[in-house]
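Text of model-v5.txt (compact mmCIF, C-alpha atoms) as supplied:
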```txt
# COMPACT_ATOMS: atom_id res chain seq x y z
CA MET R 17 -15.18 88.97 -164.02
CA PHE R 18 -12.10 89.67 -161.90
CA ILE R 19 -13.67 92.91 -160.63
CA LEU R 20 -16.85 91.01 -159.71
CA TYR R 21 -14.75 88.59 -157.66
CA LEU R 22 -13.23 91.52 -155.76
CA ILE R 23 -16.68 93.00 -155.15
CA ALA R 24 -18.14 89.67 -154.01
CA GLY R 25 -15.16 88.94 -151.76
CA SER R 26 -15.34 92.42 -150.24
CA CYS R 27 -19.03 91.82 -149.54
CA GLY R 28 -18.14 88.63 -147.67
CA ALA R 29 -15.39 90.26 -145.62
CA LEU R 30 -17.58 93.30 -144.89
CA ASN R 31 -20.20 91.02 -143.34
CA SER R 32 -17.62 89.96 -140.77
CA VAL R 33 -16.53 93.56 -140.20
CA LEU R 34 -20.08 94.77 -139.57
CA TRP R 35 -21.03 92.13 -137.01
CA GLY R 36 -17.67 92.61 -135.30
CA ILE R 37 -18.16 96.36 -135.00
CA TYR R 38 -21.75 95.94 -133.82
CA GLY R 39 -20.80 93.71 -130.90
CA ASP R 40 -17.20 94.42 -129.96
CA LEU R 41 -17.42 98.22 -129.70
CA LEU R 42 -19.62 97.76 -126.64
CA LYS R 43 -16.43 96.74 -124.84
CA GLU R 44 -13.45 98.14 -126.74
CA PRO R 45 -12.52 101.17 -128.84
CA PHE R 46 -12.76 101.23 -132.61
CA ALA R 47 -9.61 100.06 -134.40
CA LEU R 48 -9.42 100.92 -138.09
CA TRP R 49 -6.58 98.49 -138.65
CA LYS R 50 -8.83 95.56 -137.70
CA VAL R 51 -11.32 96.61 -140.36
CA LEU R 52 -8.53 96.96 -142.92
CA ARG R 53 -7.12 93.59 -141.85
CA SER R 54 -10.38 91.79 -142.58
CA LEU R 55 -10.91 93.64 -145.86
CA GLY R 56 -7.31 92.91 -146.86
CA PHE R 57 -7.77 89.21 -146.18
CA GLY R 58 -10.99 89.37 -148.18
CA LEU R 59 -9.34 90.94 -151.22
CA GLY R 60 -6.44 88.51 -151.03
CA TYR R 61 -8.70 85.48 -150.95
CA SER R 62 -10.86 86.94 -153.75
CA ILE R 63 -7.76 87.01 -155.96
CA LEU R 64 -6.79 83.48 -154.88
CA LEU R 65 -10.24 82.11 -155.71
CA TYR R 66 -10.17 83.81 -159.11
CA ILE R 67 -6.81 82.16 -159.84
CA VAL R 68 -8.17 78.75 -158.82
CA ASP R 69 -11.51 79.00 -160.62
CA PRO R 70 -12.62 82.16 -162.45
CA GLY R 71 -16.08 80.71 -163.08
CA LEU R 72 -17.45 80.34 -159.56
CA PRO R 73 -20.91 81.70 -158.67
CA LEU R 74 -20.47 85.10 -157.05
CA LEU R 75 -22.40 84.15 -153.91
CA VAL R 76 -20.04 81.19 -153.46
CA VAL R 77 -17.10 83.59 -153.78
CA ALA R 78 -18.55 85.88 -151.08
CA LEU R 79 -19.32 83.04 -148.67
CA SER R 80 -15.99 81.31 -149.31
CA VAL R 81 -14.06 84.53 -148.71
CA LEU R 82 -16.02 85.05 -145.49
CA ALA R 83 -15.12 81.54 -144.29
CA LEU R 84 -11.46 81.94 -145.26
CA GLU R 85 -11.24 85.40 -143.67
CA ARG R 86 -12.62 84.03 -140.41
CA ILE R 87 -10.24 81.06 -140.40
CA THR R 88 -7.26 83.28 -141.18
CA THR R 89 -8.21 85.84 -138.54
CA GLU R 90 -8.57 83.15 -135.88
CA ILE R 91 -5.19 81.66 -136.81
CA TYR R 92 -3.67 85.13 -136.69
CA LYS R 93 -5.13 85.85 -133.24
CA ALA R 94 -4.26 82.44 -131.80
CA PHE R 95 -0.76 81.97 -133.18
CA LEU R 96 0.72 85.10 -134.77
CA ARG R 97 -0.51 88.03 -132.70
CA GLN R 98 0.95 88.92 -129.33
CA GLU R 99 -1.68 90.72 -127.24
CA ALA R 100 -2.63 90.90 -123.56
CA GLN R 101 -5.65 88.72 -122.83
CA GLU R 102 -6.86 90.21 -119.53
CA LYS R 103 -10.08 91.55 -121.02
CA TYR R 104 -11.14 88.17 -122.40
CA LEU R 105 -13.02 85.39 -120.64
CA ILE R 106 -12.14 83.14 -123.58
CA PRO R 107 -8.56 84.01 -124.59
CA SER R 108 -8.10 84.47 -128.33
CA ASP R 109 -4.61 82.93 -128.11
CA LEU R 110 -6.18 79.66 -126.87
CA ASN R 111 -4.13 80.06 -123.69
CA LEU R 112 -1.15 78.46 -125.42
CA ARG R 113 1.94 78.47 -123.24
CA ILE R 114 4.63 77.77 -125.79
CA PRO R 115 7.53 79.91 -127.07
CA LEU R 116 6.38 82.70 -129.37
CA VAL R 117 8.64 81.55 -132.21
CA LEU R 118 7.15 78.05 -132.09
CA ARG R 119 3.62 79.42 -131.86
CA ARG R 120 4.12 81.64 -134.89
CA GLY R 121 5.71 78.77 -136.78
CA ILE R 122 2.60 76.66 -136.16
CA GLY R 123 0.43 79.56 -137.33
CA LEU R 124 2.36 79.94 -140.58
CA ILE R 125 2.14 76.19 -141.22
CA LEU R 126 -1.64 76.30 -140.68
CA LEU R 127 -1.97 79.24 -143.10
CA PHE R 128 0.13 77.36 -145.66
CA CYS R 129 -2.20 74.38 -145.29
CA ILE R 130 -5.25 76.60 -145.87
CA TRP R 131 -3.73 78.19 -148.97
CA SER R 132 -2.67 74.78 -150.28
CA MET R 133 -6.16 73.41 -149.75
CA VAL R 134 -7.70 76.23 -151.76
CA LEU R 135 -5.14 75.88 -154.54
CA PHE R 136 -4.69 72.13 -154.86
CA TRP R 137 -7.18 70.13 -152.77
CA ASP R 138 -9.78 68.46 -154.97
CA PRO R 139 -11.64 65.88 -152.86
CA GLN R 140 -14.41 63.75 -154.28
CA ILE R 141 -16.61 63.54 -151.20
CA GLN R 142 -20.36 63.21 -150.99
CA PRO R 143 -22.03 66.45 -149.83
CA THR R 144 -23.87 64.61 -147.03
CA VAL R 145 -20.58 63.37 -145.59
CA LEU R 146 -19.04 66.85 -145.84
CA VAL R 147 -21.97 68.40 -144.00
CA MET R 148 -21.89 65.83 -141.20
CA VAL R 149 -18.14 66.07 -140.70
CA PHE R 150 -18.08 69.88 -140.89
CA GLY R 151 -20.96 70.29 -138.44
CA ILE R 152 -19.56 67.86 -135.88
CA VAL R 153 -15.96 69.10 -136.13
CA SER R 154 -17.05 72.75 -135.84
CA ALA R 155 -19.21 72.00 -132.81
CA LEU R 156 -16.44 70.02 -131.10
CA GLY R 157 -13.89 72.72 -131.89
CA GLY R 158 -16.12 75.42 -130.43
CA MET R 159 -16.77 73.31 -127.35
CA ALA R 160 -13.06 72.65 -126.84
CA LYS R 161 -12.36 76.38 -126.99
CA ASP R 162 -15.29 77.62 -124.88
CA ALA R 163 -16.16 74.81 -122.45
CA PRO R 164 -13.15 75.30 -120.11
CA TYR R 165 -14.40 78.84 -119.43
CA GLU R 166 -18.18 78.68 -119.95
CA GLY R 167 -18.99 75.03 -119.33
CA ILE R 168 -20.87 72.85 -121.81
CA GLU R 169 -24.02 74.43 -123.22
CA PRO R 170 -26.07 71.86 -125.21
CA VAL R 171 -28.04 74.50 -127.13
CA LYS R 172 -24.83 76.24 -128.19
CA PHE R 173 -23.22 72.93 -129.12
CA PHE R 174 -26.05 71.78 -131.38
CA ARG R 175 -26.63 75.20 -132.95
CA THR R 176 -23.62 74.84 -135.24
CA PRO R 177 -24.61 71.45 -136.74
CA VAL R 178 -28.20 72.62 -137.24
CA LEU R 179 -27.15 75.85 -138.97
CA THR R 180 -24.64 73.86 -141.03
CA VAL R 181 -27.43 71.63 -142.32
CA VAL R 182 -29.63 74.65 -143.09
CA SER R 183 -26.72 76.33 -144.92
CA ALA R 184 -25.92 73.17 -146.87
CA LEU R 185 -29.51 72.73 -148.00
CA GLY R 186 -29.60 76.31 -149.27
CA ILE R 187 -26.26 76.05 -151.09
CA GLN R 188 -27.20 72.67 -152.57
CA ALA R 189 -30.50 74.06 -153.84
CA LEU R 190 -28.81 77.01 -155.52
CA PHE R 191 -25.63 75.36 -156.79
CA SER R 192 -25.96 71.61 -157.13
CA ASP R 193 -22.73 71.05 -159.07
CA LEU R 194 -20.14 72.77 -156.86
CA ALA R 195 -16.78 71.12 -156.29
CA SER R 196 -16.49 69.70 -152.77
CA LYS R 197 -14.01 72.27 -151.46
CA PHE R 198 -16.11 75.22 -152.63
CA PHE R 199 -19.25 73.60 -151.25
CA LEU R 200 -17.49 73.20 -147.90
CA LEU R 201 -16.23 76.80 -147.88
CA ALA R 202 -19.64 78.15 -148.90
CA ILE R 203 -21.52 76.34 -146.13
CA GLY R 204 -18.85 77.49 -143.67
CA GLY R 205 -19.44 81.09 -144.68
CA ALA R 206 -23.22 80.72 -144.66
CA GLU R 207 -23.14 79.15 -141.19
CA ARG R 208 -21.14 82.12 -139.92
CA VAL R 209 -23.66 84.57 -141.39
CA LEU R 210 -26.58 82.79 -139.72
CA SER R 211 -24.82 82.24 -136.40
CA GLU R 212 -23.38 85.73 -136.02
CA SER R 213 -26.61 87.39 -137.20
CA TYR R 214 -28.39 85.57 -134.39
CA LYS R 215 -25.76 86.24 -131.73
CA LYS R 216 -25.02 89.86 -132.56
CA TYR R 217 -28.25 91.30 -133.95
CA ILE R 218 -31.05 89.15 -132.52
CA ARG R 219 -29.62 88.56 -129.05
CA GLY R 220 -27.70 91.84 -129.08
CA ARG R 221 -25.59 91.01 -126.04
CA VAL R 222 -21.96 91.72 -125.30
CA PRO R 223 -19.94 88.96 -127.03
CA GLY R 224 -19.27 86.05 -124.69
CA LYS R 225 -15.51 86.21 -125.23
CA PHE R 226 -15.31 89.19 -122.85
CA LYS R 227 -14.99 88.66 -119.11
CA SER R 228 -17.86 90.91 -118.09
CA PRO R 229 -21.27 91.54 -119.70
CA GLU R 230 -21.04 95.12 -118.44
CA ILE R 231 -21.13 97.61 -121.32
CA HIS R 232 -18.18 100.03 -121.30
CA ASN R 233 -19.13 102.18 -124.28
CA THR R 234 -22.70 103.05 -123.34
CA ASP R 235 -22.91 105.66 -126.08
CA TRP R 236 -22.21 102.95 -128.68
CA GLN R 237 -25.24 100.98 -127.45
CA GLU R 238 -27.38 103.67 -129.05
CA LYS R 239 -25.11 104.69 -131.91
CA ARG R 240 -24.67 101.13 -133.19
CA LYS R 241 -28.20 101.20 -134.56
CA VAL R 242 -26.67 102.84 -137.61
CA VAL R 243 -24.84 99.57 -138.33
CA THR R 244 -28.07 97.57 -138.63
CA PRO R 245 -29.24 99.07 -141.96
CA LEU R 246 -25.71 98.66 -143.31
CA TYR R 247 -25.79 95.02 -142.31
CA LEU R 248 -29.19 94.54 -143.93
CA MET R 249 -27.80 96.11 -147.10
CA ASN R 250 -24.92 93.66 -146.93
CA LEU R 251 -27.35 90.73 -146.67
CA LEU R 252 -29.29 92.17 -149.60
CA ALA R 253 -26.02 92.23 -151.56
CA PHE R 254 -25.71 88.48 -150.93
CA ILE R 255 -29.14 88.02 -152.52
CA VAL R 256 -28.09 90.12 -155.52
CA LEU R 257 -24.94 88.01 -155.89
CA ALA R 258 -27.08 84.85 -155.82
CA VAL R 259 -29.23 86.23 -158.61
CA LEU R 260 -26.19 87.26 -160.68
CA ARG R 261 -24.65 83.85 -160.07
```
Kindly transcribe the structure held in the file into structure tokens.
Amino acid sequence: MFILYLIAGSCGALNSVLWGIYGDLLKEPFALWKVLRSLGFGLGYSILLYIVDPGLPLLVVALSVLALERITTEIYKAFLRQEAQEKYLIPSDLNLRIPLVLRRGIGLILLFCIWSMVLFWDPQIQPTVLVMVFGIVSALGGMAKDAPYEGIEPVKFFRTPVLTVVSALGIQALFSDLASKFFLLAIGGAERVLSESYKKYIRGRVPGKFKSPEIHNTDWQEKRKVVTPLYLMNLLAFIVLAVLR
């Protein structure tokens, strides 16, 4: 079962890797270490989930790892990493102007809180309440990050709550007896899959975090088509994991 957790978690992390490669390489060169970073986070969280509950449905493991990998990566970029932000319209460091030591301290505290939540948090909260709170908080968080640079976009704001509801209905239909924290993590991962699939593969534009929509790597615009079947295979793997349970 431990090996299946590693496989499921890798599937979740790989989903993030594939949509990142598909969009970001239009503007920046390939960085193997970023791929290994996401996969490393995925394997680490797979092990953590197995320690917490070795009997989780495999699809829940994959979606939970995806959600945790995304949260960890965003904390890393905002608080722990030190990188020039000139190429970004929306700075990944949240434009924080505080001493680096303090910023990294905040990042480590946030990571500790995430790990503690996975290990020890056991809330008894109604799924409906979780969905409402998660959808609203995610939408407000995204607006707080993006609005100072892009303005308020109503469609973008409401997309997250709508996709959260769709994700929650699907997870609830498949796994009606999930603990609250795993239900929350699973809908977070599912929302990311739906949202990023739309933004990266259906719209196919340069990610909005970059300053200019101009494509730098024009050769990648054609070559990236090879990523699409890999991504579809990854989505198919999610279906297989749902069947295996």
| query | How many Å separate atom CA of R:Val181 from atom CA of R:Trp137? | reply |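 Between atom CA of R:Val181 and atom CA of R:Trp137 the gap is 22.8 Å.
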| said: To one decimal place in Å, what is the distance between atom CA of R:Pro245 and atom CA of R:Lys172? | reply: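 We find that atom CA of R:Pro245 and atom CA of R:Lys172 lie 27.0 Å from each other.
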Write out as a tab-separated table a residue-level contact list of stretch 58-88 of chain R versus stretch 193-199 of chain R with cut-off 9 Å: for each qualifying residue the closest pair of atoms and the distance in Å to one decimal, counting all atoms listed in the file, rows sorted by chain and residue number upward.
```
residue	atom	partner	partner_atom	distance
R:Leu72	CA	R:Leu194	CA	8.5
R:Val76	CA	R:Phe198	CA	7.2
R:Val77	CA	R:Phe198	CA	8.5
R:Ser80	CA	R:Phe198	CA	6.9
```
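Closest approach to R:Val134 among R:Val171, R:Ile231, R:Val81, R:Leu116 is made by R:Val81 (distances from all atoms listed in the file).
For the pair atom CA of R:Arg97 and atom CA of R:Arg119, the interatomic distance is 9.6 Å.
Distances to R:Leu252 were evaluated for R:Ile141, R:Leu64, R:Leu75, R:Leu96 using all atoms listed in the file, and the minimum falls at R:Leu75.
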All residues 10 Å or closer to R:Leu34, all atoms listed in the file, same chain fewer than 5 positions away omitted, as a PDB file with C-alpha atoms, keeping the file's coordinate frame:
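Final output, around.pdb:
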```pdb
ATOM      1  CA  ALA R  29     -15.390  90.260-145.620  1.00  0.00           C
ATOM      2  CA  GLY R  39     -20.800  93.710-130.900  1.00  0.00           C
ATOM      3  CA  VAL R  51     -11.320  96.610-140.360  1.00  0.00           C
ATOM      4  CA  LYS R 216     -25.020  89.860-132.560  1.00  0.00           C
ATOM      5  CA  VAL R 243     -24.840  99.570-138.330  1.00  0.00           C
ATOM      6  CA  THR R 244     -28.070  97.570-138.630  1.00  0.00           C
ATOM      7  CA  LEU R 246     -25.710  98.660-143.310  1.00  0.00           C
ATOM      8  CA  TYR R 247     -25.790  95.020-142.310  1.00  0.00           C
ATOM      9  CA  ASN R 250     -24.920  93.660-146.930  1.00  0.00           C
TER      10      ASN R 250
END
```
| field | Shell around R:Trp236 at 12 Å using all atoms listed in the file, local window under 4 positions removed, as a list of chain:residue names | value | R:Ile37, R:Tyr38, R:Gly39, R:Asp40, R:Leu41, R:Leu42, R:Lys43, R:Glu44, R:Pro45, R:Phe46, R:Val222, R:Ile231, R:His232, R:Arg240, R:Lys241, R:Val242, R:Val243
| query | In terms of the shortest atom-to-atom distance over only C-alpha atoms, which of R:Ile125, R:Val209, R:Ala78, R:Ile63 is closest to R:Leu248? | reply | R:Val209
| task | Write out as a VMD selection string which residues come within 12 Å of R:Leu135 when counting all atoms listed in the file, dropping same-chain ones fewer than 3 positions away. | result | chain R and resid 61 63 to 69 128 to 132 138 197 to 198
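Nearest residue to R:Leu82, choosing from R:Leu201, R:Val147, R:Ala94, R:Leu127 and counting only C-alpha atoms: R:Leu201.
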| said: Show me the residues close to (-15.2, 92.2, -155.2) - anything with an atom within 10 Å, counting only C-alpha atoms - and format the list as a PyMOL selection string. | reply: chain R and resi 17-29+58-59+62-63+74+77-78
